[in-house]
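Engineer: My file is structure21.tsv. It has TSV, C-alpha atoms and all ligand atoms:
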```tsv
chain	number	residue	atom	x	y	z
A	1	MET	CA	-3.84	-14.81	1.92
A	2	LYS	CA	-3.42	-12.93	5.15
A	3	ILE	CA	-3.83	-9.16	5.05
A	4	THR	CA	-2.94	-7.02	8.06
A	5	PHE	CA	-4.08	-3.40	7.97
A	6	LEU	CA	-1.28	-1.39	9.60
A	7	GLY	CA	-3.17	1.81	8.85
A	8	THR	CA	-6.38	2.78	7.08
A	9	ASP	CA	-6.37	6.56	7.34
A	10	THR	CA	-5.56	9.61	5.22
A	11	CYS	CA	-2.54	11.91	5.13
A	12	ILE	CA	-2.69	12.99	8.79
A	13	PRO	CA	-3.90	9.87	10.58
A	14	SER	CA	-6.09	10.04	13.65
A	15	LYS	CA	-4.79	8.81	17.01
A	16	GLY	CA	-4.17	5.06	17.00
A	17	ASN	CA	-4.23	4.85	13.22
A	18	ASP	CA	-1.76	5.43	10.40
A	19	THR	CA	-1.89	6.28	6.72
A	20	ALA	CA	-3.11	3.33	4.64
A	21	SER	CA	-0.42	0.63	4.72
A	22	TYR	CA	-0.49	-3.15	4.84
A	23	LEU	CA	1.41	-6.32	5.61
A	24	ILE	CA	0.61	-9.26	3.31
A	25	ASN	CA	1.34	-12.87	4.35
A	26	ASP	CA	3.77	-11.45	6.93
A	27	GLU	CA	6.33	-11.01	4.13
A	28	LEU	CA	5.35	-8.01	2.00
A	29	LEU	CA	4.86	-4.47	3.26
A	30	VAL	CA	2.84	-2.11	1.07
A	31	ASP	CA	3.64	1.54	1.89
A	32	VAL	CA	4.94	2.52	5.32
A	33	GLY	CA	2.90	5.43	6.69
A	34	TRP	CA	4.24	7.45	9.63
A	35	ASN	CA	5.34	4.69	11.98
A	36	VAL	CA	6.11	1.45	10.22
A	37	THR	CA	8.39	-0.03	12.88
A	38	GLY	CA	5.92	0.68	15.70
A	39	ASN	CA	3.04	-0.69	13.63
A	40	LEU	CA	4.87	-3.93	12.86
A	41	ARG	CA	5.71	-4.49	16.50
A	42	GLU	CA	2.08	-3.73	17.47
A	43	VAL	CA	0.97	-6.64	15.29
A	44	GLY	CA	3.67	-8.92	16.67
A	45	THR	CA	5.95	-8.91	13.63
A	46	GLU	CA	9.71	-8.57	13.95
A	47	VAL	CA	10.70	-5.63	11.73
A	48	THR	CA	13.62	-7.41	10.05
A	49	SER	CA	11.57	-10.53	9.34
A	50	VAL	CA	9.80	-8.66	6.52
A	51	HIS	CA	12.06	-8.76	3.47
A	52	HIS	CA	9.89	-7.06	0.83
A	53	LEU	CA	8.73	-3.44	0.77
A	54	LEU	CA	6.48	-2.21	-2.02
A	55	PHE	CA	5.50	1.42	-2.56
A	56	THR	CA	2.35	2.45	-4.41
A	57	HIS	CA	3.85	5.90	-4.97
A	58	MET	CA	6.17	8.32	-3.26
A	59	HIS	CA	3.79	10.87	-1.70
A	60	HIS	CA	5.05	11.73	1.78
A	61	ASP	CA	2.29	10.10	3.81
A	62	HIS	CA	2.95	6.75	2.11
A	63	MET	CA	6.72	6.83	2.79
A	64	ILE	CA	7.48	9.22	5.65
A	65	SER	CA	8.80	6.45	7.94
A	66	PHE	CA	10.98	4.92	5.21
A	67	PRO	CA	14.17	6.30	6.88
A	68	SER	CA	13.19	4.85	10.27
A	69	LEU	CA	12.69	1.42	8.69
A	70	ILE	CA	16.19	1.52	7.19
A	71	PHE	CA	17.61	2.85	10.47
A	72	HIS	CA	16.00	-0.02	12.40
A	73	TRP	CA	17.67	-2.54	10.08
A	74	THR	CA	21.09	-0.88	10.55
A	75	GLN	CA	20.85	-1.26	14.33
A	76	ILE	CA	20.17	-5.01	14.38
A	77	PRO	CA	23.27	-7.21	14.92
A	78	PRO	CA	25.58	-7.72	13.08
A	79	GLY	CA	24.63	-4.16	12.13
A	80	ARG	CA	24.85	-2.00	9.03
A	81	ASP	CA	23.39	-4.81	6.95
A	82	VAL	CA	20.17	-4.05	5.09
A	83	SER	CA	20.97	-6.37	2.19
A	84	ALA	CA	18.11	-8.78	2.94
A	85	LEU	CA	15.53	-6.04	2.32
A	86	ASN	CA	14.11	-5.79	-1.22
A	87	ILE	CA	12.43	-2.49	-2.11
A	88	TYR	CA	10.09	-2.02	-5.08
A	89	GLY	CA	8.29	1.05	-6.40
A	90	PRO	CA	7.59	3.20	-9.45
A	91	ASP	CA	10.75	3.54	-11.52
A	92	GLU	CA	10.15	7.27	-12.04
A	93	THR	CA	10.55	8.13	-8.34
A	94	LEU	CA	11.82	5.19	-6.27
A	95	ILE	CA	15.55	5.90	-6.51
A	96	ASP	CA	15.15	9.59	-5.59
A	97	ALA	CA	13.08	8.60	-2.55
A	98	TYR	CA	15.64	5.98	-1.52
A	99	GLU	CA	18.57	8.39	-1.94
A	100	GLY	CA	16.56	10.98	0.01
A	101	ALA	CA	16.09	8.53	2.88
A	102	LEU	CA	19.83	7.75	2.90
A	103	ALA	CA	20.65	11.47	2.81
A	104	PHE	CA	18.33	12.11	5.77
A	105	LEU	CA	20.09	9.34	7.71
A	106	GLN	CA	23.51	10.68	6.62
A	107	ALA	CA	24.10	7.02	5.89
A	108	ARG	CA	27.28	7.37	3.90
A	109	ARG	CA	28.93	9.39	6.69
A	110	PHE	CA	27.78	7.23	9.62
A	111	TRP	CA	27.98	3.85	7.90
A	112	PRO	CA	30.50	3.92	5.04
A	113	ASN	CA	30.38	0.12	4.87
A	114	LEU	CA	26.59	-0.11	4.82
A	115	LYS	CA	25.28	-3.17	3.02
A	116	GLU	CA	22.45	-1.52	1.18
A	117	PRO	CA	19.00	-2.92	0.42
A	118	LYS	CA	18.23	-4.16	-3.08
A	119	ILE	CA	16.27	-1.57	-5.04
A	120	PHE	CA	13.91	-2.63	-7.83
A	121	PRO	CA	12.53	0.33	-9.81
A	122	MET	CA	9.48	-1.11	-11.51
A	123	LYS	CA	8.31	-0.18	-14.95
A	124	ALA	CA	4.64	0.43	-15.63
A	125	GLU	CA	3.61	-3.19	-16.14
A	126	ASP	CA	6.33	-5.12	-14.32
A	127	GLU	CA	5.79	-8.25	-12.28
A	128	PHE	CA	7.76	-9.79	-9.40
A	129	GLU	CA	7.44	-12.62	-6.88
A	130	THR	CA	8.09	-13.23	-3.20
A	131	ASP	CA	8.00	-16.68	-1.55
A	132	THR	CA	4.18	-16.83	-1.52
A	133	LEU	CA	3.04	-13.93	-3.72
A	134	ARG	CA	3.06	-12.77	-7.32
A	135	ILE	CA	2.66	-9.02	-7.78
A	136	THR	CA	1.55	-7.43	-11.05
A	137	CYS	CA	1.58	-3.65	-11.64
A	138	MET	CA	-0.46	-1.20	-13.64
A	139	PRO	CA	0.10	2.56	-13.66
A	140	SER	CA	-2.30	4.49	-11.46
A	141	ASP	CA	-3.62	7.90	-12.53
A	142	HIS	CA	-2.54	10.13	-9.67
A	143	ALA	CA	-0.81	13.48	-9.13
A	144	VAL	CA	2.57	11.69	-9.08
A	145	PRO	CA	3.68	8.45	-10.77
A	146	GLY	CA	2.14	5.46	-9.03
A	147	ARG	CA	1.02	1.88	-9.41
A	148	CYS	CA	-2.07	-0.22	-8.79
A	149	TYR	CA	-1.28	-3.77	-7.72
A	150	ARG	CA	-2.83	-7.16	-8.32
A	151	ILE	CA	-1.37	-9.54	-5.74
A	152	THR	CA	-1.92	-13.29	-6.14
A	153	ASP	CA	-1.18	-15.90	-3.49
A	154	LYS	CA	0.74	-18.58	-5.39
A	155	ARG	CA	-0.39	-21.27	-2.93
A	156	ASP	CA	-4.16	-21.04	-3.44
A	157	GLY	CA	-4.74	-18.43	-6.18
A	158	THR	CA	-6.49	-15.85	-3.99
A	159	VAL	CA	-6.21	-12.34	-5.39
A	160	LEU	CA	-5.95	-8.98	-3.68
A	161	GLY	CA	-6.48	-5.79	-5.69
A	162	MET	CA	-5.01	-2.51	-4.47
A	163	SER	CA	-5.90	0.81	-6.01
A	164	GLY	CA	-3.19	2.80	-4.24
A	165	ASP	CA	-3.96	6.47	-4.84
A	166	THR	CA	-5.70	6.95	-8.16
A	167	CYS	CA	-8.57	8.73	-9.80
A	168	TYR	CA	-11.28	6.68	-11.49
A	169	GLY	CA	-10.50	5.13	-14.85
A	170	GLU	CA	-12.08	2.43	-16.97
A	171	ARG	CA	-8.81	0.47	-16.96
A	172	LEU	CA	-9.15	-0.27	-13.25
A	173	ALA	CA	-11.98	-2.83	-13.29
A	174	PRO	CA	-10.39	-5.18	-15.88
A	175	PHE	CA	-7.12	-5.10	-13.94
A	176	PHE	CA	-8.88	-6.10	-10.71
A	177	GLU	CA	-11.26	-8.58	-12.39
A	178	GLY	CA	-12.52	-11.34	-10.10
A	179	CYS	CA	-10.36	-10.36	-7.12
A	180	ASP	CA	-11.23	-11.82	-3.72
A	181	LEU	CA	-10.72	-8.45	-2.02
A	182	LEU	CA	-10.37	-4.98	-3.49
A	183	ILE	CA	-8.80	-2.35	-1.22
A	184	HIS	CA	-9.73	0.97	-2.80
A	185	GLU	CA	-9.10	4.53	-1.70
A	186	PHE	CA	-12.04	6.91	-1.15
A	187	SER	CA	-10.28	10.22	-0.50
A	188	GLY	CA	-13.17	12.20	-1.94
A	189	GLY	CA	-15.79	10.64	0.35
A	190	LEU	CA	-19.17	11.25	-1.28
A	191	SER	CA	-17.96	14.22	-3.35
A	192	ASN	CA	-17.40	13.87	-7.07
A	193	VAL	CA	-13.64	14.36	-7.41
A	194	ARG	CA	-13.27	13.29	-11.04
A	195	GLY	CA	-11.27	15.85	-13.02
A	196	LEU	CA	-9.62	17.45	-9.99
A	197	PRO	CA	-5.82	17.88	-10.13
A	198	THR	CA	-5.35	15.90	-6.89
A	199	LYS	CA	-6.47	12.80	-8.87
A	200	HIS	CA	-8.19	10.78	-6.16
A	201	SER	CA	-11.33	8.63	-6.00
A	202	SER	CA	-14.66	8.93	-4.22
A	203	ALA	CA	-16.55	6.14	-2.44
A	204	ILE	CA	-18.79	5.97	-5.53
A	205	ASP	CA	-15.74	5.47	-7.75
A	206	ALA	CA	-14.53	2.66	-5.46
A	207	ALA	CA	-17.97	1.01	-5.59
A	208	THR	CA	-18.12	1.32	-9.38
A	209	VAL	CA	-14.70	-0.31	-9.83
A	210	ALA	CA	-15.57	-3.11	-7.37
A	211	ARG	CA	-18.88	-3.79	-9.12
A	212	ASP	CA	-17.41	-3.75	-12.63
A	213	ALA	CA	-14.47	-5.92	-11.54
A	214	GLY	CA	-16.76	-8.48	-9.90
A	215	ALA	CA	-14.72	-8.16	-6.69
A	216	LYS	CA	-15.96	-10.53	-3.97
A	217	ARG	CA	-15.21	-8.08	-1.15
A	218	LEU	CA	-14.48	-4.36	-0.96
A	219	ALA	CA	-12.63	-2.36	1.71
A	220	ILE	CA	-12.56	1.42	1.36
A	221	VAL	CA	-9.54	3.10	2.95
A	222	HIS	CA	-7.55	6.35	2.88
A	223	GLY	CA	-10.64	8.55	3.00
A	224	PRO	CA	-12.81	10.42	5.52
A	225	LEU	CA	-13.22	7.59	8.04
A	226	GLU	CA	-15.63	9.62	10.18
A	227	ALA	CA	-18.01	9.45	7.20
A	228	ARG	CA	-17.28	5.82	6.34
A	229	GLU	CA	-20.68	4.38	7.32
A	230	LYS	CA	-22.49	7.04	5.28
A	231	CYS	CA	-20.16	6.32	2.36
A	232	LEU	CA	-20.77	2.57	2.69
A	233	GLU	CA	-24.53	3.13	2.49
A	234	ALA	CA	-23.98	4.80	-0.88
A	235	VAL	CA	-21.49	2.11	-1.90
A	236	ALA	CA	-24.06	-0.62	-1.13
A	237	GLU	CA	-26.46	0.95	-3.67
A	238	ILE	CA	-23.94	0.20	-6.41
A	239	TYR	CA	-21.81	-2.71	-5.21
A	240	LYS	CA	-23.58	-5.84	-3.96
A	241	GLY	CA	-20.61	-7.84	-2.68
A	242	GLU	CA	-19.34	-8.06	0.89
A	243	LEU	CA	-18.16	-4.86	2.57
A	244	VAL	CA	-15.11	-5.19	4.81
A	245	ARG	CA	-14.59	-2.59	7.54
A	246	PRO	CA	-10.87	-2.65	8.26
A	247	GLU	CA	-9.60	-1.29	11.55
A	248	PRO	CA	-5.94	-0.54	12.28
A	249	ARG	CA	-3.90	-3.64	13.14
A	250	MET	CA	-6.75	-5.93	12.05
A	251	SER	CA	-5.83	-9.08	10.10
A	252	ILE	CA	-8.14	-10.93	7.74
A	253	GLU	CA	-7.79	-14.11	5.71
A	254	ILE	CA	-9.22	-14.17	2.21
A	301	ZN	ZN	-0.92	10.17	-3.13
A	302	ZN	ZN	-2.34	9.07	-0.34
```
What is this file in structure tokens?
Ligand SMILES: [Zn+2]
Ligand SMILES: [Zn+2]
Structural biologist:
Amino acid sequence: MKITFLGTDTCIPSKGNDTASYLINDELLVDVGWNVTGNLREVGTEVTSVHHLLFTHMHHDHMISFPSLIFHWTQIPPGRDVSALNIYGPDETLIDAYEGALAFLQARRFWPNLKEPKIFPMKAEDEFETDTLRITCMPSDHAVPGRCYRITDKRDGTVLGMSGDTCYGERLAPFFEGCDLLIHEFSGGLSNVRGLPTKHSSAIDAATVARDAGAKRLAIVHGPLEAREKCLEAVAEIYKGELVRPEPRMSIEI
């Protein structure tokens, strides 16, 4: 499985980075950050060659460039045809976010004959497939409805776990059991953020989930990157697997 980190940062990304977002096997986008079209071109991927877009949840920093992605598709000849794009996300919020993106673009005024993307609102434990991947969901525990994902490469069985945004919970480790790579948020850094209404994880929470899941590798993202090395020192006390240090636009094979 090929994983390209389009962004690794928090809500307001630092220069040269973007909010945590990924391209898997060059066919599945997970979240879009602030500049999805620019990020894809930076990594040499034609925007309209990616036919699957998956949202972890609909907080702004994970979807703010959703309208620009749709706009890009409408401008590619023969034009006004986004029907090859499949969009998946939590069923509680996906349609509102999609309609909001269309409203921002004034799509029904500018393009009355728009061929719209296919929208797949996913229930809590849904599953779907792309050409090379099988994606399984579990509800996250965040301030808005969200999903954690277990993504399996159908060709060789490698597994990627993605926490999305979530606070710690004992359900996480069994869901990610035995994964080859766990990408886990660490918004709280080294602070204990359990019980806070923002419902995020710390680096310690990420390490605990990775250890209990038996994850082979762990990448912490969407947290205070300036403190990442200090956080990883604390992580290494708990989690003994391989630590991956993703940089923006970096690709890895697992
Ligand atoms: Zn969030
Ligand atoms: Zn977030």
Engineer: Counting all atoms listed in the file, which protein, DNA or RNA residues come within 12 Å of ligand ZN 301 (chain A), given as a PyMOL selection string?
Structural biologist: chain A and resi 10-11+19-20+31+33+55-63+140-148+163-167+185-187+197-201+222-223
Engineer: When you count all atoms listed in the file, which of these residues is closest to Thr130 (chain A): A:Ser251, A:Asn25, A:Ser191, A:Ser202?
Structural biologist: A:Asn25
Engineer: Which is closest to ligand ZN 302 (chain A) among A:Leu23, A:Val221, A:Leu6, A:Val235, if we use only C-alpha atoms and all ligand atoms?
Structural biologist: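 Answer, going by the shortest atom-to-atom distance: A:Val221.
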Engineer: As a PyMOL selection string, please: the residues near Ser49 (chain A) (cut-off 10 Å, all atoms listed in the file, same-chain neighbours under 3 positions excluded).
Structural biologist: chain A and resi 26-28+45-46+52+84-85
Engineer: My list of candidates is A:Asp81, A:Trp111, A:Gly44, A:Gly189. Which is closest to Ala227 (chain A) when distances are computed with only C-alpha atoms?
Structural biologist: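 Residue with the minimum atom-to-atom distance to Ala227 (chain A): A:Gly189.
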Engineer: I want to know what sits within 8 Å of Ala207 (chain A), based on all atoms listed in the file, with residues of the same chain fewer than 6 positions away left out; could you give that as a VMD selection string?
Structural biologist: chain A and resid 218 235 to 236 238 to 239
Engineer: What is the CA of Leu102 (chain A) to CA of Lys115 (chain A) distance in Å?
Structural biologist: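 A separation of 12.2 Å between them.
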Engineer: How many Å separate CA of Lys216 (chain A) from CA of Val43 (chain A)?
Structural biologist: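 According to the coordinates, CA of Lys216 (chain A) and CA of Val43 (chain A) are separated by 25.9 Å.
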Engineer: Contacts of region 96-99 of chain A at 12 Å or less, counting all atoms listed in the file, minus same-chain residues fewer than 6 places along, as a tab-separated table (two decimals) with C-alpha atoms, in the frame of the given file?
Structural biologist:
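Output saved as around-v7.tsv:
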```tsv
chain	number	residue	atom	x	y	z
A	53	LEU	CA	8.73	-3.44	0.77
A	55	PHE	CA	5.50	1.42	-2.56
A	57	HIS	CA	3.85	5.90	-4.97
A	58	MET	CA	6.17	8.32	-3.26
A	59	HIS	CA	3.79	10.87	-1.70
A	60	HIS	CA	5.05	11.73	1.78
A	62	HIS	CA	2.95	6.75	2.11
A	63	MET	CA	6.72	6.83	2.79
A	64	ILE	CA	7.48	9.22	5.65
A	65	SER	CA	8.80	6.45	7.94
A	66	PHE	CA	10.98	4.92	5.21
A	67	PRO	CA	14.17	6.30	6.88
A	69	LEU	CA	12.69	1.42	8.69
A	70	ILE	CA	16.19	1.52	7.19
A	86	ASN	CA	14.11	-5.79	-1.22
A	87	ILE	CA	12.43	-2.49	-2.11
A	88	TYR	CA	10.09	-2.02	-5.08
A	89	GLY	CA	8.29	1.05	-6.40
A	90	PRO	CA	7.59	3.20	-9.45
A	105	LEU	CA	20.09	9.34	7.71
A	106	GLN	CA	23.51	10.68	6.62
A	107	ALA	CA	24.10	7.02	5.89
A	108	ARG	CA	27.28	7.37	3.90
A	116	GLU	CA	22.45	-1.52	1.18
A	117	PRO	CA	19.00	-2.92	0.42
A	118	LYS	CA	18.23	-4.16	-3.08
A	119	ILE	CA	16.27	-1.57	-5.04
A	120	PHE	CA	13.91	-2.63	-7.83
A	121	PRO	CA	12.53	0.33	-9.81
```
Engineer: Nearest to ligand ZN 302 (chain A) among A:Pro77, A:Gly188, A:Pro174, A:Gly157, with distances taken over all atoms listed in the file: which residue is it?
Structural biologist: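 Of A:Pro77, A:Gly188, A:Pro174, A:Gly157, the one nearest ligand ZN 302 (chain A) is A:Gly188, counting all atoms listed in the file.
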Engineer: Distance CA of Arg155 (chain A)-CA of Arg211 (chain A), one decimal place?
Structural biologist: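 It comes out at 26.2 Å.
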Engineer: Just need the box for region 1-17 of chain A, edges along x, y and z, holding every atom the file lists for it with 3 Å tacked onto each side, so centre and edge lengths in Å to one decimal, as lines of an AutoDock Vina configuration file.
Structural biologist:
```
center_x = -3.8
center_y = -0.9
center_z = 9.5
size_x = 11.1
size_y = 33.8
size_z = 21.1
```
Engineer: Name the closest residue to ligand ZN 302 (chain A) among the candidates A:Val47, A:Val32, A:Leu40, A:Val82; distances are taken between atoms, counting only C-alpha atoms and all ligand atoms.
Structural biologist: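 Result for the nearest residue to ligand ZN 302 (chain A): A:Val32.
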Engineer: Taking into account all atoms listed in the file, which residue in the set A:Ile254, A:Ala213, A:Val36, A:Leu232 is nearest to Ile3 (chain A)?
Structural biologist: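 Checking each candidate against Ile3 (chain A), we get A:Ile254 as the closest.
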Engineer: Hey, what's within 7 Å of region 125-128 of chain A if we count only C-alpha atoms and toss same-chain stuff fewer than 4 positions away? As a PDB file with C-alpha atoms, keeping the file's coordinate frame, please?
Structural biologist:
```
ATOM      1  CA  ARG A 134       3.060 -12.770  -7.320  1.00  0.00           C
ATOM      2  CA  ILE A 135       2.660  -9.020  -7.780  1.00  0.00           C
ATOM      3  CA  THR A 136       1.550  -7.430 -11.050  1.00  0.00           C
ATOM      4  CA  CYS A 137       1.580  -3.650 -11.640  1.00  0.00           C
ATOM      5  CA  MET A 138      -0.460  -1.200 -13.640  1.00  0.00           C
TER       6      MET A 138
END
```
Engineer: Could region 206-225 of chain A be written out with N, CA and C atoms, as a CSV table (one decimal), in the first residue's frame, please?
Structural biologist:
```csv
chain,number,residue,atom,x,y,z
A,206,ALA,N,-2.1,8.1,21.6
A,206,ALA,CA,-1.8,7.5,20.4
A,206,ALA,C,-0.9,6.3,20.6
A,207,ALA,N,0.1,6.5,21.5
A,207,ALA,CA,1.0,5.4,21.8
A,207,ALA,C,0.3,4.2,22.5
A,208,THR,N,-0.6,4.5,23.3
A,208,THR,CA,-1.4,3.4,24.0
A,208,THR,C,-2.2,2.6,23.1
A,209,VAL,N,-2.9,3.3,22.1
A,209,VAL,CA,-3.7,2.6,21.1
A,209,VAL,C,-2.8,1.7,20.2
A,210,ALA,N,-1.6,2.3,19.8
A,210,ALA,CA,-0.7,1.6,18.9
A,210,ALA,C,-0.2,0.3,19.6
A,211,ARG,N,0.2,0.5,20.9
A,211,ARG,CA,0.7,-0.7,21.7
A,211,ARG,C,-0.4,-1.7,21.8
A,212,ASP,N,-1.6,-1.3,22.2
A,212,ASP,CA,-2.6,-2.3,22.5
A,212,ASP,C,-3.1,-3.0,21.2
A,213,ALA,N,-3.0,-2.2,20.1
A,213,ALA,CA,-3.4,-2.8,18.8
A,213,ALA,C,-2.4,-3.7,18.2
A,214,GLY,N,-1.1,-3.6,18.7
A,214,GLY,CA,0.0,-4.4,18.1
A,214,GLY,C,0.3,-3.8,16.7
A,215,ALA,N,0.2,-2.5,16.6
A,215,ALA,CA,0.5,-1.9,15.3
A,215,ALA,C,2.0,-2.0,15.0
A,216,LYS,N,2.3,-2.3,13.7
A,216,LYS,CA,3.7,-2.5,13.4
A,216,LYS,C,4.5,-1.1,13.3
A,217,ARG,N,3.8,-0.1,12.9
A,217,ARG,CA,4.4,1.2,12.8
A,217,ARG,C,3.3,2.2,13.3
A,218,LEU,N,3.9,3.4,13.8
A,218,LEU,CA,3.0,4.4,14.2
A,218,LEU,C,3.5,5.8,13.7
A,219,ALA,N,2.5,6.6,13.1
A,219,ALA,CA,2.8,7.9,12.7
A,219,ALA,C,1.9,8.8,13.5
A,220,ILE,N,2.4,9.8,14.2
A,220,ILE,CA,1.5,10.8,14.9
A,220,ILE,C,1.4,12.0,14.0
A,221,VAL,N,0.2,12.5,13.8
A,221,VAL,CA,-0.1,13.7,13.0
A,221,VAL,C,-1.1,14.6,13.7
A,222,HIS,N,-1.3,15.7,13.0
A,222,HIS,CA,-2.4,16.6,13.4
A,222,HIS,C,-2.3,17.0,14.9
A,223,GLY,N,-1.0,17.4,15.3
A,223,GLY,CA,-0.7,17.8,16.6
A,223,GLY,C,0.4,18.8,16.6
A,224,PRO,N,0.9,19.2,17.7
A,224,PRO,CA,2.0,20.2,17.8
A,224,PRO,C,3.3,19.7,17.2
A,225,LEU,N,3.5,19.9,15.9
A,225,LEU,CA,4.6,19.3,15.2
A,225,LEU,C,6.0,19.9,15.8
```
